[in-house]
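Structure file coords.txt with compact mmCIF, C-alpha atoms and all ligand atoms:
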# COMPACT_ATOMS: atom_id res chain seq x y z
CA MET A 297 12.38 -4.84 18.21
CA GLU A 298 10.72 -1.83 16.66
CA ARG A 299 7.00 -1.52 17.44
CA ILE A 300 4.13 0.79 16.65
CA PRO A 301 2.79 2.25 19.92
CA ILE A 302 -0.83 1.68 20.86
CA LEU A 303 -2.32 4.31 23.17
CA GLN A 304 -5.39 3.86 25.26
CA MET A 305 -7.88 6.74 25.28
CA GLY A 306 -10.76 5.81 27.53
CA GLU A 307 -12.59 2.91 25.94
CA PHE A 308 -10.77 3.35 22.65
CA LEU A 309 -7.32 2.48 21.36
CA LEU A 310 -5.35 4.87 19.19
CA VAL A 311 -2.67 3.69 16.82
CA THR A 312 -0.64 6.32 15.04
CA ILE A 313 1.28 4.91 12.15
CA GLN A 314 4.27 7.15 11.81
CA VAL A 315 6.92 5.15 10.12
CA ASP A 316 7.36 3.86 6.64
CA MET A 317 5.96 0.55 7.75
CA HIS A 318 7.71 -2.53 6.48
CA ASP A 319 6.07 -5.90 6.39
CA ARG A 320 7.21 -7.37 9.68
CA LEU A 321 6.24 -4.26 11.56
CA ALA A 322 2.79 -4.39 10.03
CA MET A 323 2.31 -8.01 11.05
CA THR A 324 3.49 -7.20 14.61
CA LEU A 325 0.96 -4.39 14.79
CA GLN A 326 -1.83 -6.79 13.90
CA ASP A 327 -0.83 -9.13 16.73
CA ASP A 328 -0.21 -6.37 19.28
CA LEU A 329 -3.54 -4.78 18.57
CA THR A 330 -5.39 -8.07 18.92
CA ASN A 331 -3.79 -8.56 22.35
CA ARG A 332 -4.54 -5.02 23.47
CA ILE A 333 -8.18 -5.24 22.46
CA SER A 334 -8.62 -8.37 24.52
CA GLN A 335 -6.65 -7.01 27.53
CA THR A 336 -8.45 -3.68 27.66
CA SER A 337 -11.86 -4.72 26.31
CA ALA A 338 -11.66 -1.63 24.14
CA ASN A 339 -14.69 -1.21 21.95
CA GLY A 340 -13.17 1.06 19.36
CA VAL A 341 -9.88 1.39 17.49
CA LEU A 342 -8.68 4.53 15.74
CA ILE A 343 -5.91 4.11 13.22
CA ASP A 344 -4.31 7.42 12.33
CA ILE A 345 -2.62 7.18 8.93
CA SER A 346 -2.07 10.90 8.39
CA ALA A 347 1.70 10.33 8.35
CA LEU A 348 1.53 7.63 5.66
CA ASP A 349 2.51 9.01 2.29
CA ILE A 350 1.32 5.94 0.44
CA VAL A 351 -1.12 3.11 1.03
CA ASP A 352 -0.45 0.13 -1.19
CA SER A 353 -2.25 -3.19 -1.40
CA PHE A 354 -0.14 -4.57 1.43
CA ILE A 355 -1.03 -1.78 3.87
CA GLY A 356 -4.60 -1.93 2.59
CA ARG A 357 -4.73 -5.60 3.48
CA ILE A 358 -3.31 -4.94 6.96
CA LEU A 359 -5.92 -2.23 7.61
CA GLY A 360 -8.65 -4.55 6.37
CA ASN A 361 -7.40 -7.38 8.59
CA ILE A 362 -7.32 -5.11 11.62
CA ALA A 363 -10.90 -4.05 10.94
CA LYS A 364 -11.99 -7.69 10.64
CA ILE A 365 -10.14 -8.80 13.78
CA SER A 366 -11.61 -5.87 15.73
CA GLN A 367 -15.06 -6.69 14.54
CA VAL A 368 -14.74 -10.27 15.73
CA MET A 369 -13.60 -8.90 19.10
CA ASP A 370 -16.57 -6.54 19.21
CA ALA A 371 -14.62 -3.34 18.58
CA GLU A 372 -15.10 -0.85 15.76
CA THR A 373 -12.25 0.43 13.62
CA VAL A 374 -12.06 3.87 12.10
CA VAL A 375 -9.19 4.87 9.85
CA VAL A 376 -8.46 8.57 10.15
CA GLY A 377 -6.37 11.21 8.41
CA MET A 378 -5.81 9.74 4.98
CA GLN A 379 -3.96 12.28 2.84
CA PRO A 380 -5.89 13.42 -0.25
CA ALA A 381 -3.13 12.29 -2.65
CA VAL A 382 -3.21 8.86 -1.00
CA ALA A 383 -6.98 8.64 -1.36
CA ILE A 384 -6.81 9.58 -5.06
CA THR A 385 -4.10 7.01 -5.70
CA LEU A 386 -5.94 4.30 -3.81
CA VAL A 387 -8.94 4.67 -6.10
CA GLU A 388 -6.76 4.33 -9.19
CA LEU A 389 -4.95 1.39 -7.69
CA GLY A 390 -8.37 -0.22 -7.59
CA MET A 391 -8.83 -0.57 -3.86
CA SER A 392 -12.12 0.74 -2.71
CA LEU A 393 -12.57 1.68 0.89
CA THR A 394 -16.21 0.69 0.84
CA GLY A 395 -17.05 -0.84 4.14
CA ILE A 396 -14.17 0.50 6.17
CA ARG A 397 -15.06 3.55 8.19
CA THR A 398 -12.94 6.62 7.64
CA ALA A 399 -12.88 10.07 9.18
CA LEU A 400 -10.92 13.23 8.40
CA ASN A 401 -9.03 13.40 11.68
CA VAL A 402 -8.73 11.88 15.15
CA GLU A 403 -11.38 14.15 16.69
CA LYS A 404 -13.95 13.30 14.02
CA GLY A 405 -13.02 9.63 14.27
CA MET A 406 -13.56 9.72 18.04
CA ALA A 407 -16.92 11.36 17.57
CA LEU A 408 -17.89 8.69 15.06
CA LEU A 409 -16.86 5.90 17.45
CA GLN A 410 -18.67 7.52 20.34
CA ALA A 411 -21.82 7.81 18.27
CA THR A 412 -21.54 4.18 17.18
CA VAL A 413 -20.56 2.39 20.36
CA GLY A 414 -21.75 4.97 22.85
CA SER A 415 -25.39 5.14 21.78
CA SER A 416 -26.25 1.52 22.46
CA ALA A 417 -23.80 -0.79 24.11
CA ASN A 418 -24.67 -3.91 22.21
CA ALA A 419 -25.74 -2.47 18.90
CA GLN A 420 -24.04 -4.50 16.26
CA PHE A 421 -22.30 -2.54 13.59
CA THR A 422 -22.47 -4.36 10.33
CA ALA A 423 -20.52 -2.47 7.77
CA THR A 424 -16.93 -3.10 8.80
CA GLU A 425 -16.22 -5.44 5.98
CA TRP A 426 -13.40 -4.31 3.75
CA ASP A 427 -14.82 -4.74 0.31
CA LEU A 428 -12.57 -4.79 -2.64
CA GLU A 429 -14.05 -3.69 -5.82
CA ASP A 430 -12.94 -3.45 -9.35
CA ASP A 431 -12.63 0.21 -10.05
CA ALA A 432 -10.67 -0.52 -13.16
CA GLU A 433 -12.62 1.09 -15.89
CA ASP A 434 -9.82 2.96 -17.64
CA MET B 182 21.03 15.56 -17.07
CA GLN B 183 20.05 11.93 -16.89
CA LYS B 184 20.20 10.14 -13.61
CA ILE B 185 20.30 6.35 -13.22
CA GLU B 186 20.39 4.22 -10.11
CA GLU B 187 20.16 0.48 -9.62
CA MET B 188 18.95 -0.97 -6.32
CA GLU B 189 18.73 -4.46 -4.88
CA ILE B 190 15.38 -5.83 -3.73
CA GLN B 191 16.20 -8.65 -1.33
CA SER B 192 14.22 -7.86 1.81
CA SER B 193 11.16 -5.93 2.90
CA SER B 194 13.37 -3.11 4.16
CA ASP B 195 14.73 -2.85 0.61
CA VAL B 196 11.14 -2.26 -0.52
CA VAL B 197 11.03 0.72 1.85
CA LEU B 198 14.33 2.01 0.45
CA VAL B 199 13.02 1.67 -3.10
CA ARG B 200 9.94 3.70 -2.20
CA GLN B 201 12.14 6.42 -0.71
CA ALA B 202 14.46 6.52 -3.75
CA VAL B 203 11.53 6.69 -6.19
CA ARG B 204 10.05 9.52 -4.15
CA GLN B 205 13.37 11.37 -4.27
CA PHE B 206 13.67 10.97 -8.06
CA ALA B 207 10.07 12.12 -8.55
CA ILE B 208 10.65 15.20 -6.40
CA GLU B 209 13.82 16.06 -8.32
CA LEU B 210 11.87 15.76 -11.57
CA GLY B 211 9.35 18.25 -10.24
CA PHE B 212 6.42 15.81 -10.02
CA GLY B 213 3.42 17.11 -8.11
CA LEU B 214 2.31 15.35 -4.95
CA VAL B 215 -0.35 13.19 -6.62
CA ASP B 216 2.05 12.06 -9.37
CA GLN B 217 4.70 11.30 -6.76
CA THR B 218 2.21 9.26 -4.78
CA LYS B 219 1.11 7.32 -7.85
CA ILE B 220 4.59 6.33 -8.99
CA VAL B 221 5.74 5.50 -5.45
CA THR B 222 2.66 3.33 -4.90
CA ALA B 223 3.20 1.51 -8.22
CA ALA B 224 6.87 0.99 -7.30
CA SER B 225 5.87 -0.41 -3.93
CA GLU B 226 3.58 -2.97 -5.57
CA LEU B 227 6.15 -4.07 -8.13
CA ALA B 228 9.03 -4.17 -5.65
CA ARG B 229 7.01 -6.36 -3.35
CA ASN B 230 6.12 -8.72 -6.19
CA THR B 231 9.80 -8.89 -7.17
CA LEU B 232 10.59 -9.91 -3.61
CA ASP B 233 7.67 -12.24 -2.92
CA TYR B 234 7.27 -14.00 -6.26
CA GLY B 235 10.52 -13.29 -8.09
CA GLY B 236 12.65 -14.36 -5.13
CA GLY B 237 14.33 -10.95 -5.11
CA GLY B 238 15.85 -8.91 -7.90
CA THR B 239 16.68 -5.36 -8.83
CA VAL B 240 15.07 -2.11 -9.83
CA THR B 241 16.65 0.52 -12.06
CA LEU B 242 15.47 4.11 -11.72
CA GLU B 243 16.05 6.40 -14.70
CA THR B 244 15.05 9.95 -15.39
CA LEU B 245 13.82 10.56 -18.95
CA GLN B 246 13.75 13.62 -21.13
CA ASN B 247 11.63 13.70 -24.25
CA GLY B 248 11.55 17.15 -25.77
CA GLY B 249 10.15 19.30 -23.02
CA ARG B 250 8.73 16.34 -21.13
CA ARG B 251 10.37 14.74 -18.18
CA GLY B 252 9.59 11.32 -16.86
CA LEU B 253 10.66 8.51 -14.61
CA ARG B 254 11.25 4.95 -15.79
CA LEU B 255 11.43 2.05 -13.37
CA THR B 256 12.63 -1.37 -14.51
CA PHE B 257 12.04 -4.31 -12.15
CA GLU B 258 13.92 -7.50 -12.95
CA ASP B 259 14.14 -10.89 -11.32
CA GLN B 260 15.37 -14.37 -12.20
CA GLY B 261 12.44 -16.05 -10.51
CA PRO B 262 9.89 -18.58 -11.78
CA GLY B 263 8.28 -16.20 -14.31
CA ILE B 264 4.56 -15.66 -14.89
CA PRO B 265 2.84 -18.44 -16.85
CA ASP B 266 -0.25 -16.43 -17.80
CA ILE B 267 0.37 -12.68 -17.85
CA GLU B 268 -3.18 -11.76 -18.76
CA LEU B 269 -4.48 -13.69 -15.79
CA ALA B 270 -1.84 -12.21 -13.47
CA LEU B 271 -2.94 -8.71 -14.50
CA LYS B 272 -6.55 -9.39 -13.61
CA ASP B 273 -7.71 -7.65 -10.47
CA GLY B 274 -8.29 -10.18 -7.75
CA PHE B 275 -5.96 -12.83 -9.16
CA THR B 276 -3.33 -13.93 -6.67
CA SER B 277 -1.24 -17.06 -6.32
CA GLY B 278 0.02 -16.02 -2.91
CA GLY B 279 -2.87 -14.97 -0.68
CA GLY B 280 -2.68 -11.28 -1.57
CA LEU B 281 -5.50 -9.12 -2.83
CA GLY B 282 -4.39 -9.53 -6.42
CA MET B 283 -4.44 -5.79 -6.97
CA GLY B 284 -0.74 -5.02 -7.31
CA LEU B 285 0.05 -5.74 -10.93
CA GLY B 286 -3.14 -4.33 -12.47
CA GLY B 287 -2.99 -1.41 -10.06
CA ALA B 288 0.61 -0.58 -10.97
CA LYS B 289 -0.38 -0.64 -14.64
CA ARG B 290 -3.20 1.84 -14.01
CA LEU B 291 -0.93 4.11 -11.99
CA ALA B 292 1.68 4.33 -14.74
CA ASN B 293 1.50 6.04 -18.14
CA GLU B 294 3.41 3.22 -19.82
CA PHE B 295 3.60 -0.40 -18.76
CA GLU B 296 5.56 -3.27 -20.28
CA ILE B 297 5.89 -6.78 -19.01
CA GLU B 298 8.10 -9.60 -20.21
CA SER B 299 8.18 -12.89 -18.44
CA VAL B 300 9.58 -16.32 -19.31
CA VAL B 301 8.68 -19.32 -17.18
CA GLY B 302 11.81 -20.63 -15.50
CA GLU B 303 13.83 -17.55 -16.42
CA GLY B 304 12.32 -14.52 -14.79
CA THR B 305 10.31 -11.37 -15.15
CA ARG B 306 10.99 -7.82 -16.27
CA ILE B 307 8.44 -5.07 -15.77
CA ILE B 308 8.96 -1.51 -16.97
CA ILE B 309 6.77 1.41 -15.99
CA VAL B 310 7.04 5.06 -17.00
CA ARG B 311 5.29 8.03 -15.51
CA TRP B 312 5.55 11.38 -17.29
CA LYS B 313 5.32 14.69 -15.56
N1 LIG A 501 7.81 -10.96 -10.43
C1 LIG A 501 6.92 -11.96 -10.46
N2 LIG A 501 7.33 -13.24 -10.67
C2 LIG A 501 6.44 -14.25 -10.70
N3 LIG A 501 5.10 -14.11 -10.54
C3 LIG A 501 4.64 -12.87 -10.33
C4 LIG A 501 5.51 -11.73 -10.28
N4 LIG A 501 4.75 -10.62 -10.07
C5 LIG A 501 3.48 -11.05 -9.98
N5 LIG A 501 3.38 -12.39 -10.14
C6 LIG A 501 2.15 -13.21 -10.16
O1 LIG A 501 1.06 -12.37 -10.45
C7 LIG A 501 0.06 -12.49 -9.42
C8 LIG A 501 -0.69 -11.18 -9.28
O2 LIG A 501 0.17 -10.16 -8.74
P1 LIG A 501 -0.48 -8.95 -7.95
O3 LIG A 501 0.60 -8.07 -7.47
O4 LIG A 501 -1.54 -8.36 -8.80
O5 LIG A 501 -1.22 -9.66 -6.74
P2 LIG A 501 -0.61 -10.24 -5.38
O6 LIG A 501 0.81 -9.82 -5.22
O7 LIG A 501 -0.88 -11.69 -5.37
O8 LIG A 501 -1.49 -9.51 -4.29
P3 LIG A 501 -1.36 -7.97 -3.83
O9 LIG A 501 -0.33 -7.31 -4.69
O10 LIG A 501 -2.71 -7.37 -4.05
O11 LIG A 501 -0.98 -8.02 -2.40
C9 LIG A 501 0.83 -12.91 -8.21
O12 LIG A 501 0.00 -13.56 -7.27
C10 LIG A 501 1.86 -13.86 -8.82
O13 LIG A 501 1.30 -15.11 -9.10
MG MG A 502 1.48 -7.88 -5.48

Step by step, read the file and then write its structure as structure tokens.
Amino acid sequence: MERIPILQMGEFLLVTIQVDMHDRLAMTLQDDLTNRISQTSANGVLIDISALDIVDSFIGRILGNIAKISQVMDAETVVVGMQPAVAITLVELGMSLTGIRTALNVEKGMALLQATVGSSANAQFTATEWDLEDDAED
Amino acid sequence: MQKIEEMEIQSSSDVVLVRQAVRQFAIELGFGLVDQTKIVTAASELARNTLDYGGGGTVTLETLQNGGRRGLRLTFEDQGPGIPDIELALKDGFTSGGGLGMGLGGAKRLANEFEIESVVGEGTRIIIVRWK
């Protein structure tokens, strides 16, 4: 079965979403990632979505779930590389990324994770909740 | 020249194929990247609803020409249970299936024109148009 690879980079996991993800693949990713976090005791997860040419409510929900699962397992999630056209569309779709951490690219995402988890081992990060807001004013 | 294509939506890999076809049409019409992304995202939402709630159906892709304007019309049809309260279904956050409830209202915002017809027990037809 087709799978999305999960790479380990030190204490972090890197997931690069490269395919036009269909639903089953997305669900598999959620499960695989949960297992890998517990096996490796990773304390950070980078999800690179630079190859995704859209993010719809389904993918949005998967990303939000991953962030929540990671948080429960004491790992931070940073979504990196969102294309500008995707970000613009996401706002109009009405999905706000408030609460999920994003960074421009993998390097910046790594730096963000290092600053968050590196500085104090048991500092609790509180803002990983994936809030959905009504941006529907037009 | 007008181009029309009808596609089946019976599985989640069909949803992927619909996204790809809509992208292709939008590129051929000369849509910019943001417009492409908007119509493909709207199509993804509606195709998934057709599959999940309509029990599968079809989408028809049509290029439009109105004077100097070019556009893309997408018609999603299913013979599923229909939507009892359309206004409620369009509300952000309303879901009957454990989703985020953003798809229908979001697709409406992402399109320039939006039409919905639904009869309980007969099915649902949703038409969106995005102009270049
Ligand atoms: N083709 C359809 N046939 C029957 N009911 C539908 C159809 N499309 C949408 N609905 C109803 O409208 C509701 C709202 O749809 P919408 O796409 O906004 O949210 P969702 O699919 O539940 O969640 P999301 O799209 O955010 O994952 C659905 O939960 C469903 O009850
Ligand atoms: Mg939906």

*asked:* I'd like the interatomic distance between atom CA of B:Ser194 and atom CA of B:Asp259, to a tenth of an Å.
replied: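 Between atom CA of B:Ser194 and atom CA of B:Asp259 the gap works out to 17.3 Å.
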
Residues at most 7 Å from ligand MG 502 (chain A), using all atoms listed in the file? Could they come as a tab-separated table (two decimals) with C-alpha atoms, in the coordinates of the input?
chain	number	residue	atom	x	y	z
B	226	GLU	CA	3.58	-2.97	-5.57
B	227	LEU	CA	6.15	-4.07	-8.13
B	229	ARG	CA	7.01	-6.36	-3.35
B	230	ASN	CA	6.12	-8.72	-6.19
B	280	GLY	CA	-2.68	-11.28	-1.57
B	282	GLY	CA	-4.39	-9.53	-6.42
B	283	MET	CA	-4.44	-5.79	-6.97
B	284	GLY	CA	-0.74	-5.02	-7.31
B	285	LEU	CA	0.05	-5.74	-10.93

_Residues contacting ligand LIG 501 (chain A) - anything with an atom at most 9 Å away, using only C-alpha atoms and all ligand atoms - can you give me those as a count of residues only?_
56

_Give me the residues near A:Leu342 as a PyMOL selection string, where near means some atom within 10 Å (using all atoms listed in the file) and where sequence neighbours in that chain fewer than 2 positions away do not count._
chain A and resi 302-303+305+308-312+340+344-345+372-376+397-399+401-402+405-406+409

Do you know which residues are at most 10 Å from B:Gly252 counting all atoms listed in the file, after dropping those on the same chain fewer than 3 positions away, and could you put them as a short mmCIF file (atom, residue, chain, number, x, y, z; two decimals) with C-alpha atoms, keeping the file's coordinate frame?
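Listed below is the output, result07.cif:
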data_model
loop_
_atom_site.label_atom_id
_atom_site.label_comp_id
_atom_site.auth_asym_id
_atom_site.auth_seq_id
_atom_site.Cartn_x
_atom_site.Cartn_y
_atom_site.Cartn_z
CA PHE B 206 13.67 10.97 -8.06
CA ALA B 207 10.07 12.12 -8.55
CA LEU B 210 11.87 15.76 -11.57
CA GLY B 211 9.35 18.25 -10.24
CA PHE B 212 6.42 15.81 -10.02
CA GLU B 243 16.05 6.40 -14.70
CA THR B 244 15.05 9.95 -15.39
CA LEU B 245 13.82 10.56 -18.95
CA GLN B 246 13.75 13.62 -21.13
CA ASN B 247 11.63 13.70 -24.25
CA ASN B 293 1.50 6.04 -18.14
CA VAL B 310 7.04 5.06 -17.00
CA ARG B 311 5.29 8.03 -15.51
CA TRP B 312 5.55 11.38 -17.29
CA LYS B 313 5.32 14.69 -15.56
#

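Atom CA of B:Gln183 is positioned 13.4 Å from atom CA of B:Gly248.
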
*asked:* Residues of chain A were defined as contacting chain B if any atom lay at most 6 Å from it, counting all atoms listed in the file; please report them as a list in words.
replied: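 The answer, sorted by residue number, is Asp352, Ala381, Thr385 and Leu389 of chain A.
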
C-alpha atoms of the current selection, written as a PDB file, in the frame of the given file:
ATOM      1  CA  ASP A 352      -0.450   0.130  -1.190  1.00  0.00           C
ATOM      2  CA  ALA A 381      -3.130  12.290  -2.650  1.00  0.00           C
ATOM      3  CA  THR A 385      -4.100   7.010  -5.700  1.00  0.00           C
ATOM      4  CA  LEU A 389      -4.950   1.390  -7.690  1.00  0.00           C
TER       5      LEU A 389
END

_Distance query B:Val240 at most 6 Å, all atoms listed in the file, self and fewer than 3 positions along chain excluded, as a PyMOL selection string_ = chain B and resi 187-188+256-257

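Atom CA of A:Gly377 sits 14.7 Å away from atom CA of A:Val315.
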
Could the centre and edge lengths of an axis-aligned box, enclosing all atoms of stretch 309-325 of chain A in the file with 8 Å extra on each side, be given in Å to one decimal as lines of an AutoDock Vina configuration file?
center_x = 0.2
center_y = -0.4
center_z = 13.9
size_x = 31.0
size_y = 31.2
size_z = 31.0

*Which polymer residues have any atom within 9 Å of an atom of A:Leu359, counting all atoms listed in the file, with same-chain residues fewer than 6 positions away left out, as number ranges by chain?*
A: 326, 343, 375, 396, 426

Would you pick out the contacts of B:Leu242 at 6 Å or less, using all atoms listed in the file, so that residues sharing its chain but fewer than 2 positions from it are not included, and give the list as a PDB file with C-alpha atoms, in the coordinates of the input?
ATOM      1  CA  ILE B 185      20.300   6.350 -13.220  1.00  0.00           C
ATOM      2  CA  GLU B 186      20.390   4.220 -10.110  1.00  0.00           C
ATOM      3  CA  ARG B 254      11.250   4.950 -15.790  1.00  0.00           C
ATOM      4  CA  LEU B 255      11.430   2.050 -13.370  1.00  0.00           C
TER       5      LEU B 255
END

_Closest of B:Glu303, B:Glu189, B:Glu268, B:Glu298 to B:Ala202 - atom-to-atom distances counting only C-alpha atoms_ =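 Under the stated criterion, the closest residue is B:Glu189.
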